[in-house]
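Enquirer: My structure is below; once you've seen it, I'll send some questions.
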Amino acid sequence: MTARCLMVQGCTSDAGKSALVTALGRWLKQRGVKVAPFKPQNMALNSAVTADGGEIGRAQAVQAQACGLAPHSDMNPVLLKPNSDTGCQVIIQGRALSNMEAAAYHDYKQVARAAVLESFERLSRQYEVVIVEGAGSPAEINLREGDIANMGFAEAVDCPVILIADIDRGGVFAHIVGTLALLSETERARVKGFVINRFRGDIALLQGGLDWLEKETGKPVLGVLPYLHGLHLEAEDALPACLPPPPGEGRGEGTTVANSTRVPSPPTPPPRGEGGLLRVVVPVLPRISNHTDFDALRLHPGVDFRFVGIDETPPPADLIILPGSKSVRDDLAFLRERGWEAHLQKHLRYGGKLLGICGGFQMLGRAIHDPLGIEGDPGSSAGFGWLEMETTLAAEKQLRNVAGRLTFDDAPVSGYEIHAGVSSGAALQRPLAWLDGRADGALADDGQVAGTYLHGLFDTPAAADALLAWAGLSESPAPDIHALREAAIDRLADAVEYHLDTQTLLRLLS
């Protein structure tokens, strides 16, 4: 059996490709179709561990959930994880290959293309439909040669394409017409229609533009998706903006900022008192990874959560969390250069709690060694020294989904590990958790500093309750992040059913 295929490409990055693929996957699943997601090439620092022990982008893991599937490395056969402005770690079919500069990867694309087509062929034999997500924009003419992410893939497998554009950015008609103008004749013919995303207001005011677009291009507008306020869906690789939600819309957001963007310094929160919020701060490292670890905290009704730009003055906090990093030694040096070591020392002197996750956990030790140059130039860096341990980066990355219990509260916890570091030292004799029979992390003797390799530790409500109680929060139950994600996926599927031309979509898949 060969699956039917439909590809979603975007006029820009963050146009809504990931969300639309997620929505189509759940919508088809609800119709009884055996469907799987696929993204040939992804560039992201948010990743997930697959059922077959590989690594893919988190967006594809969420899309797999929408389709009722466990994530598999074939769903995202090429994952690029930036570790500098010009280079990245190349992961092929779930396994880290090497670090490459951009020019070297461009030459490697033919090898990557073979892996992409191999993975797609395997999925095509297992499912009735494969919904494919492009990357960036197909109109990036400097990347056309050897393309495996957009039209190059669509042409290789003879796949129809729908183009999505974000009206909230402005210039939506220019985005669509300009994108078509930069495609070849055969590529333009492959585009079967348009979806306009994130529309606010009266659709009647847009109708004249839609009519013009169809007449100008000879292609149909398949529908206009509304701006869905309060939608919780894990971001592919963008940080949530530090902005208040729209009035009456709760704590959700629809706006994102890129990782390189400075996050505005928030106002100092009020002191926490009776019934007050627990203040949690996470510094935005230059190579922050898996910031989805904090989605449950951002949505927690008892938590005042802040991502703080690394150049901004940190606000008072009850708990500071050092996040994961793709370049731990470089991000550690960046923290030091900008005075965060002194800030963390002051935070601890005043009784605040400090938690490190993955790379952030490694920073809390005495030293980090990278003799093989796994994340940059070979060498060693002194850590902050609050935990008696050292970490050495090894060639083989550790990838596993795990479950267990916290040591200090016996609360159940689950998540995943993605790290090259191997830590050792006396601090590990007092672990933070037991995961599948193994000790994980560390808890300092004074109880103020803790660390773990476990990503997603706040996604289990009981574990989140225990960790936040350790930080000083009482009697404020954590949200069920899995249930919230399921509800968000269902909302997306409802938007497809109510706002898109589903008959044309089904014809494209027949």
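Residue names in the structure tokens use chain letters A, B, ... in the order shown, residue numbers from 1 in each chain, and ligand numbers from 1 in the order shown.
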Write out as an NGL selection string each polymer residue whose atoms come within 8 Å of range 185-200 of chain A, counting only C-alpha atoms; drop sequence neighbours fewer than 2 positions from it.
Expert: :A and (15-16 or 151 or 155 or 159-168 or 172 or 180 or 183 or 202 or 219-228 or 500)
Enquirer: Write the selection just made, keeping N, CA and C atoms, as a compact mmCIF listing (two decimals), in the first residue's frame?
Expert:
# COMPACT_ATOMS: atom_id res chain seq x y z
N ALA A 15 4.12 30.60 10.01
CA ALA A 15 2.85 30.94 9.36
C ALA A 15 1.70 30.07 9.87
N GLY A 16 2.04 28.95 10.50
CA GLY A 16 1.01 28.04 11.01
C GLY A 16 1.08 26.65 10.42
N MET A 151 9.57 22.32 -1.94
CA MET A 151 9.18 21.86 -3.27
C MET A 151 10.08 20.76 -3.81
N GLU A 155 8.21 17.63 -5.32
CA GLU A 155 8.43 17.19 -6.69
C GLU A 155 8.93 15.74 -6.72
N CYS A 159 3.70 15.22 -4.81
CA CYS A 159 2.75 15.49 -3.74
C CYS A 159 2.07 16.84 -3.96
N PRO A 160 0.73 16.93 -3.84
CA PRO A 160 0.05 18.22 -3.92
C PRO A 160 0.38 19.07 -2.69
N VAL A 161 0.30 20.39 -2.87
CA VAL A 161 0.70 21.33 -1.82
C VAL A 161 -0.43 22.32 -1.56
N ILE A 162 -0.65 22.63 -0.28
CA ILE A 162 -1.46 23.79 0.07
C ILE A 162 -0.56 24.78 0.79
N LEU A 163 -0.81 26.06 0.53
CA LEU A 163 0.05 27.12 1.02
C LEU A 163 -0.69 27.88 2.11
N ILE A 164 -0.05 28.04 3.29
CA ILE A 164 -0.67 28.76 4.40
C ILE A 164 0.07 30.07 4.63
N ALA A 165 -0.70 31.13 4.90
CA ALA A 165 -0.13 32.44 5.15
C ALA A 165 -0.77 33.05 6.39
N ASP A 166 0.02 33.84 7.13
CA ASP A 166 -0.42 34.42 8.40
C ASP A 166 -0.87 35.86 8.18
N ILE A 167 -2.18 36.10 8.26
CA ILE A 167 -2.70 37.46 8.06
C ILE A 167 -2.39 38.37 9.24
N ASP A 168 -2.10 37.81 10.41
CA ASP A 168 -1.82 38.62 11.59
C ASP A 168 -0.52 39.42 11.42
N VAL A 172 -0.73 39.75 3.78
CA VAL A 172 -0.97 38.34 3.47
C VAL A 172 -1.10 38.09 1.97
N LEU A 180 4.18 32.56 -4.94
CA LEU A 180 3.89 31.90 -6.22
C LEU A 180 4.81 32.42 -7.33
N LEU A 183 8.17 30.68 -7.56
CA LEU A 183 8.19 29.25 -7.83
C LEU A 183 8.33 28.98 -9.32
N ASP A 202 -14.39 40.59 11.22
CA ASP A 202 -15.54 40.22 10.40
C ASP A 202 -15.04 39.68 9.07
N LYS A 219 -6.42 29.95 -8.31
CA LYS A 219 -6.40 28.88 -7.31
C LYS A 219 -7.36 29.23 -6.18
N PRO A 220 -7.97 28.22 -5.55
CA PRO A 220 -8.99 28.51 -4.53
C PRO A 220 -8.40 28.84 -3.17
N VAL A 221 -9.12 29.67 -2.45
CA VAL A 221 -8.86 29.84 -1.02
C VAL A 221 -9.64 28.74 -0.30
N LEU A 222 -8.93 27.84 0.35
CA LEU A 222 -9.57 26.69 1.00
C LEU A 222 -10.21 27.06 2.33
N GLY A 223 -9.93 28.24 2.83
CA GLY A 223 -10.57 28.67 4.06
C GLY A 223 -9.73 29.68 4.82
N VAL A 224 -10.36 30.28 5.82
CA VAL A 224 -9.72 31.27 6.67
C VAL A 224 -9.84 30.79 8.11
N LEU A 225 -8.71 30.51 8.74
CA LEU A 225 -8.72 30.04 10.12
C LEU A 225 -8.68 31.21 11.08
N PRO A 226 -9.50 31.19 12.12
CA PRO A 226 -9.51 32.30 13.08
C PRO A 226 -8.29 32.28 13.98
N TYR A 227 -8.02 33.43 14.56
CA TYR A 227 -6.99 33.53 15.59
C TYR A 227 -7.55 32.85 16.85
N LEU A 228 -6.94 31.76 17.27
CA LEU A 228 -7.45 30.97 18.39
C LEU A 228 -6.76 31.42 19.68
N LEU A 500 -12.60 25.32 6.92
CA LEU A 500 -11.94 24.96 5.68
C LEU A 500 -12.88 24.18 4.76
Enquirer: Excluding His347 in chain A and any residue of its chain fewer than 6 positions from it, enumerate the residues within 10 Å of it, using only C-alpha atoms, and give them as a list of chain:residue names.
Expert: A:Pro316, A:Ala317, A:Asp318, A:Leu319, A:Ile320, A:Glu341, A:Lys353, A:Leu354
Enquirer: Grab the residues selected above and save them as a short mmCIF file (atom, residue, chain, number, x, y, z; two decimals), in the first residue's frame with N, CA and C atoms.
Expert:
data_model
loop_
_atom_site.label_atom_id
_atom_site.label_comp_id
_atom_site.auth_asym_id
_atom_site.auth_seq_id
_atom_site.Cartn_x
_atom_site.Cartn_y
_atom_site.Cartn_z
N PRO A 316 13.01 39.86 41.23
CA PRO A 316 13.03 38.96 42.39
C PRO A 316 12.31 37.66 42.08
N ALA A 317 12.79 36.56 42.65
CA ALA A 317 12.20 35.26 42.36
C ALA A 317 12.28 34.37 43.58
N ASP A 318 11.35 33.43 43.66
CA ASP A 318 11.41 32.37 44.66
C ASP A 318 12.18 31.17 44.13
N LEU A 319 12.08 30.96 42.82
CA LEU A 319 12.75 29.83 42.16
C LEU A 319 13.35 30.32 40.84
N ILE A 320 14.64 30.07 40.65
CA ILE A 320 15.29 30.30 39.36
C ILE A 320 15.64 28.94 38.77
N GLU A 341 26.13 35.09 37.68
CA GLU A 341 26.70 34.31 38.79
C GLU A 341 26.49 35.06 40.11
N LYS A 353 15.37 29.24 45.84
CA LYS A 353 15.70 27.90 45.37
C LYS A 353 16.25 27.98 43.94
N LEU A 354 17.15 27.06 43.60
CA LEU A 354 17.79 27.03 42.29
C LEU A 354 17.72 25.61 41.74
#
Enquirer: Quick one: residues within 12 Å of Ala103 in chain A, only C-alpha atoms, excluding same-chain residues fewer than 2 positions away - as a list in words?
Expert: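 The filter keeps Thr86, Gly87, Cys88, Asn99, Met100, Glu101, Tyr105, His106, Asp107, Tyr108, Lys109 and Leu143 of chain A.
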Enquirer: Go ahead and save the picked residues with N, CA and C atoms, as a PDB file, in the first residue's frame.
Expert:
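Result written to result.pdb:
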ATOM      1  N   THR A  86      26.401  29.798  12.526  1.00  0.00           N
ATOM      2  CA  THR A  86      26.662  29.235  11.194  1.00  0.00           C
ATOM      3  C   THR A  86      26.721  27.713  11.171  1.00  0.00           C
ATOM      4  N   GLY A  87      26.547  27.059  12.308  1.00  0.00           N
ATOM      5  CA  GLY A  87      26.679  25.612  12.344  1.00  0.00           C
ATOM      6  C   GLY A  87      25.599  24.951  13.164  1.00  0.00           C
ATOM      7  N   CYS A  88      25.496  23.630  13.022  1.00  0.00           N
ATOM      8  CA  CYS A  88      24.474  22.892  13.756  1.00  0.00           C
ATOM      9  C   CYS A  88      24.881  21.430  13.878  1.00  0.00           C
ATOM     10  N   ASN A  99      28.638  17.612  13.836  1.00  0.00           N
ATOM     11  CA  ASN A  99      28.425  19.053  13.703  1.00  0.00           C
ATOM     12  C   ASN A  99      28.886  19.488  12.323  1.00  0.00           C
ATOM     13  N   MET A 100      28.119  20.338  11.680  1.00  0.00           N
ATOM     14  CA  MET A 100      28.463  20.822  10.339  1.00  0.00           C
ATOM     15  C   MET A 100      28.222  22.316  10.248  1.00  0.00           C
ATOM     16  N   GLU A 101      29.103  22.981   9.522  1.00  0.00           N
ATOM     17  CA  GLU A 101      28.846  24.359   9.130  1.00  0.00           C
ATOM     18  C   GLU A 101      27.834  24.357   7.991  1.00  0.00           C
ATOM     19  N   TYR A 105      26.892  21.356   5.228  1.00  0.00           N
ATOM     20  CA  TYR A 105      25.595  20.682   5.175  1.00  0.00           C
ATOM     21  C   TYR A 105      24.964  20.820   3.801  1.00  0.00           C
ATOM     22  N   HIS A 106      25.155  21.959   3.154  1.00  0.00           N
ATOM     23  CA  HIS A 106      24.613  22.137   1.797  1.00  0.00           C
ATOM     24  C   HIS A 106      25.167  21.058   0.866  1.00  0.00           C
ATOM     25  N   ASP A 107      26.466  20.742   1.012  1.00  0.00           N
ATOM     26  CA  ASP A 107      27.066  19.686   0.194  1.00  0.00           C
ATOM     27  C   ASP A 107      26.571  18.303   0.601  1.00  0.00           C
ATOM     28  N   TYR A 108      26.128  18.153   1.849  1.00  0.00           N
ATOM     29  CA  TYR A 108      25.686  16.857   2.378  1.00  0.00           C
ATOM     30  C   TYR A 108      24.235  16.542   2.011  1.00  0.00           C
ATOM     31  N   LYS A 109      23.525  17.508   1.445  1.00  0.00           N
ATOM     32  CA  LYS A 109      22.088  17.366   1.243  1.00  0.00           C
ATOM     33  C   LYS A 109      21.699  16.137   0.418  1.00  0.00           C
ATOM     34  N   LEU A 143      18.108  28.717  -1.320  1.00  0.00           N
ATOM     35  CA  LEU A 143      18.174  27.340  -0.809  1.00  0.00           C
ATOM     36  C   LEU A 143      17.537  26.340  -1.772  1.00  0.00           C
TER      37      LEU A 143
END
Enquirer: As an MDAnalysis selection string, which residues of range 57-87 of chain A does DSSP assign to strand (DSSP E)?
Expert: chainID A and resid 57 78:82 87
Enquirer: Go ahead and save the residues from that selection, with C-alpha atoms, as an mmCIF file, in the first residue's frame.
Expert:
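Saved result, result_2.cif, follows:
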data_model
loop_
_atom_site.group_PDB
_atom_site.id
_atom_site.type_symbol
_atom_site.label_atom_id
_atom_site.label_comp_id
_atom_site.auth_asym_id
_atom_site.auth_seq_id
_atom_site.Cartn_x
_atom_site.Cartn_y
_atom_site.Cartn_z
ATOM 1 C CA GLY A 57 11.401 17.859 16.577
ATOM 2 C CA VAL A 78 16.547 15.251 9.275
ATOM 3 C CA LEU A 79 16.770 17.416 12.403
ATOM 4 C CA LEU A 80 19.219 20.312 12.547
ATOM 5 C CA LYS A 81 20.036 21.672 16.025
ATOM 6 C CA PRO A 82 21.893 25.016 15.799
ATOM 7 C CA GLY A 87 26.679 25.612 12.344
#
Enquirer: Please measure the separation of CA of His419 in chain A and CA of Ala395 in chain A, giving the value in Å to one decimal.
Expert: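 CA of Ala395 in chain A lies 10.2 Å from CA of His419 in chain A.
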Enquirer: Record the distance separating CA of Cys67 in chain A and CA of Tyr416 in chain A, expressed in Å with one decimal.
Expert: 20.7 Å
Enquirer: Using only C-alpha atoms, find the one residue out of A:Gly451, A:Pro477, A:Gly68, A:Pro138 that sits nearest to Leu297 in chain A.
Expert: A:Pro477
Enquirer: Which one is closest to Ser84 in chain A: A:Asp14, A:Glu396, A:Asp331, A:Asp445? Count only C-alpha atoms.
Expert: A:Asp331
Enquirer: Set the distance at 10 Å and use only C-alpha atoms: which residues neighbour Leu454 in chain A once local chain neighbours fewer than 3 positions away are removed? I'd like the list as a PyMOL selection string.
Expert: chain A and resi 293+324+356-358+361+400-403+413-419+433+435+440-441+451+457-458
Enquirer: If you keep N, CA and C atoms, can you produce a file of those selected residues as a short mmCIF file (atom, residue, chain, number, x, y, z; two decimals), in the first residue's frame?
Expert:
data_model
loop_
_atom_site.label_atom_id
_atom_site.label_comp_id
_atom_site.auth_asym_id
_atom_site.auth_seq_id
_atom_site.Cartn_x
_atom_site.Cartn_y
_atom_site.Cartn_z
N ASP A 293 9.80 22.62 28.47
CA ASP A 293 9.81 22.14 29.85
C ASP A 293 8.98 23.03 30.76
N GLY A 324 17.83 23.84 29.74
CA GLY A 324 18.72 23.09 28.86
C GLY A 324 19.40 24.01 27.86
N GLY A 356 18.44 23.22 38.14
CA GLY A 356 19.03 23.11 36.80
C GLY A 356 18.47 21.90 36.07
N ILE A 357 18.14 22.08 34.79
CA ILE A 357 17.63 20.99 33.97
C ILE A 357 18.62 20.72 32.83
N CYS A 358 19.08 19.50 32.73
CA CYS A 358 19.98 19.04 31.66
C CYS A 358 21.23 19.92 31.63
N PHE A 361 21.64 21.78 34.73
CA PHE A 361 22.13 20.91 35.79
C PHE A 361 23.65 20.79 35.73
N ARG A 400 16.31 8.64 25.93
CA ARG A 400 15.40 7.66 26.53
C ARG A 400 14.17 8.36 27.09
N ASN A 401 13.04 7.68 27.00
CA ASN A 401 11.83 8.06 27.72
C ASN A 401 11.85 7.31 29.05
N VAL A 402 11.58 8.01 30.13
CA VAL A 402 11.75 7.41 31.46
C VAL A 402 10.59 7.78 32.37
N ALA A 403 10.46 7.01 33.43
CA ALA A 403 9.45 7.28 34.46
C ALA A 403 10.00 6.80 35.80
N VAL A 413 6.87 10.78 38.49
CA VAL A 413 7.38 11.73 37.51
C VAL A 413 7.75 10.96 36.24
N SER A 414 7.60 11.60 35.10
CA SER A 414 8.01 10.98 33.84
C SER A 414 8.46 12.06 32.88
N GLY A 415 9.20 11.66 31.86
CA GLY A 415 9.70 12.62 30.88
C GLY A 415 10.70 11.94 29.97
N TYR A 416 11.71 12.68 29.55
CA TYR A 416 12.67 12.14 28.59
C TYR A 416 14.04 12.76 28.82
N GLU A 417 15.07 12.03 28.41
CA GLU A 417 16.45 12.50 28.51
C GLU A 417 17.04 12.64 27.12
N ILE A 418 17.70 13.78 26.88
CA ILE A 418 18.45 14.02 25.65
C ILE A 418 19.73 14.75 26.05
N HIS A 419 20.84 14.03 26.18
CA HIS A 419 22.07 14.70 26.61
C HIS A 419 23.28 13.86 26.26
N ALA A 433 15.78 12.09 41.80
CA ALA A 433 14.74 11.15 41.37
C ALA A 433 15.35 9.79 41.11
N LEU A 435 14.69 6.97 38.30
CA LEU A 435 14.04 6.82 37.00
C LEU A 435 14.38 5.46 36.42
N ASP A 440 18.91 9.72 39.36
CA ASP A 440 19.02 10.85 38.44
C ASP A 440 19.14 12.13 39.24
N GLY A 441 20.04 13.01 38.78
CA GLY A 441 20.13 14.34 39.33
C GLY A 441 20.74 14.38 40.72
N GLY A 451 19.22 19.56 40.73
CA GLY A 451 19.39 19.43 39.29
C GLY A 451 18.95 18.08 38.80
N LEU A 457 9.72 17.39 33.46
CA LEU A 457 9.41 16.98 34.83
C LEU A 457 8.22 17.73 35.42
N PHE A 458 7.86 18.91 34.88
CA PHE A 458 6.69 19.62 35.40
C PHE A 458 5.39 19.19 34.70
#
Enquirer: Of the candidates A:Ala112, A:Leu182, A:Met75, A:Leu344, which one gets nearest to Val132 in chain A if we count only C-alpha atoms?
Expert: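 Using only C-alpha atoms, the shortest distance to Val132 in chain A belongs to A:Met75.
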Enquirer: Go through A:Trp470, A:Phe173, A:Trp386, A:Phe307 and flag the residue nearest Leu348 in chain A, using only C-alpha atoms for the distances.
Expert: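 Closest to Leu348 in chain A of all the choices is A:Trp386.
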Enquirer: Please run DSSP on the backbone and report, as JSON, numbers by chain, all residues within range 355-386 of chain A that come out as alpha helix (DSSP H).
Expert: {"A": [359, 360, 361, 362, 363]}
Enquirer: List the spatial neighbours of Ala149 in chain A as a JSON list (two decimals) with N, CA and C atoms, in the first residue's frame - criterion: any atom at most 7 Å away, only C-alpha atoms, same-chain residues fewer than 3 positions off excluded.
Expert:
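And here is the file that came out, selection_21.json:
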[["chain", "number", "residue", "atom", "x", "y", "z"],
["A", 40, "PRO", "N", 10.25, 16.49, 6.40],
["A", 40, "PRO", "CA", 11.52, 16.00, 5.86],
["A", 40, "PRO", "C", 12.73, 16.57, 6.60],
["A", 41, "GLN", "N", 12.73, 17.88, 6.80],
["A", 41, "GLN", "CA", 13.86, 18.53, 7.46],
["A", 41, "GLN", "C", 13.35, 19.59, 8.41],
["A", 134, "GLY", "N", 6.26, 21.43, 5.40],
["A", 134, "GLY", "CA", 7.46, 22.05, 4.87],
["A", 134, "GLY", "C", 8.22, 22.79, 5.94],
["A", 135, "ALA", "N", 9.30, 23.46, 5.53],
["A", 135, "ALA", "CA", 10.15, 24.20, 6.48],
["A", 135, "ALA", "C", 10.38, 25.60, 5.94],
["A", 152, "GLY", "N", 11.34, 20.74, -3.38],
["A", 152, "GLY", "CA", 12.21, 19.65, -3.82],
["A", 152, "GLY", "C", 11.67, 18.30, -3.39],
["A", 153, "PHE", "N", 11.15, 18.25, -2.16],
["A", 153, "PHE", "CA", 10.53, 17.01, -1.69],
["A", 153, "PHE", "C", 9.22, 16.74, -2.41]]
Enquirer: Quick one: residues within 12 Å of Ala439 in chain A, only C-alpha atoms counted, chain neighbours fewer than 5 positions away excluded, as a list in words?
Expert: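 Once the nearby chain positions are removed, what remains is Val402, Ala403, Gly404, Arg405, Leu406, Thr407, Ser423, Ser424, Ala427, Leu428, Gln429, Arg430, Pro431, Leu432, Ala433, Trp434, Gly451, Thr452, Tyr453 and Leu454 of chain A.
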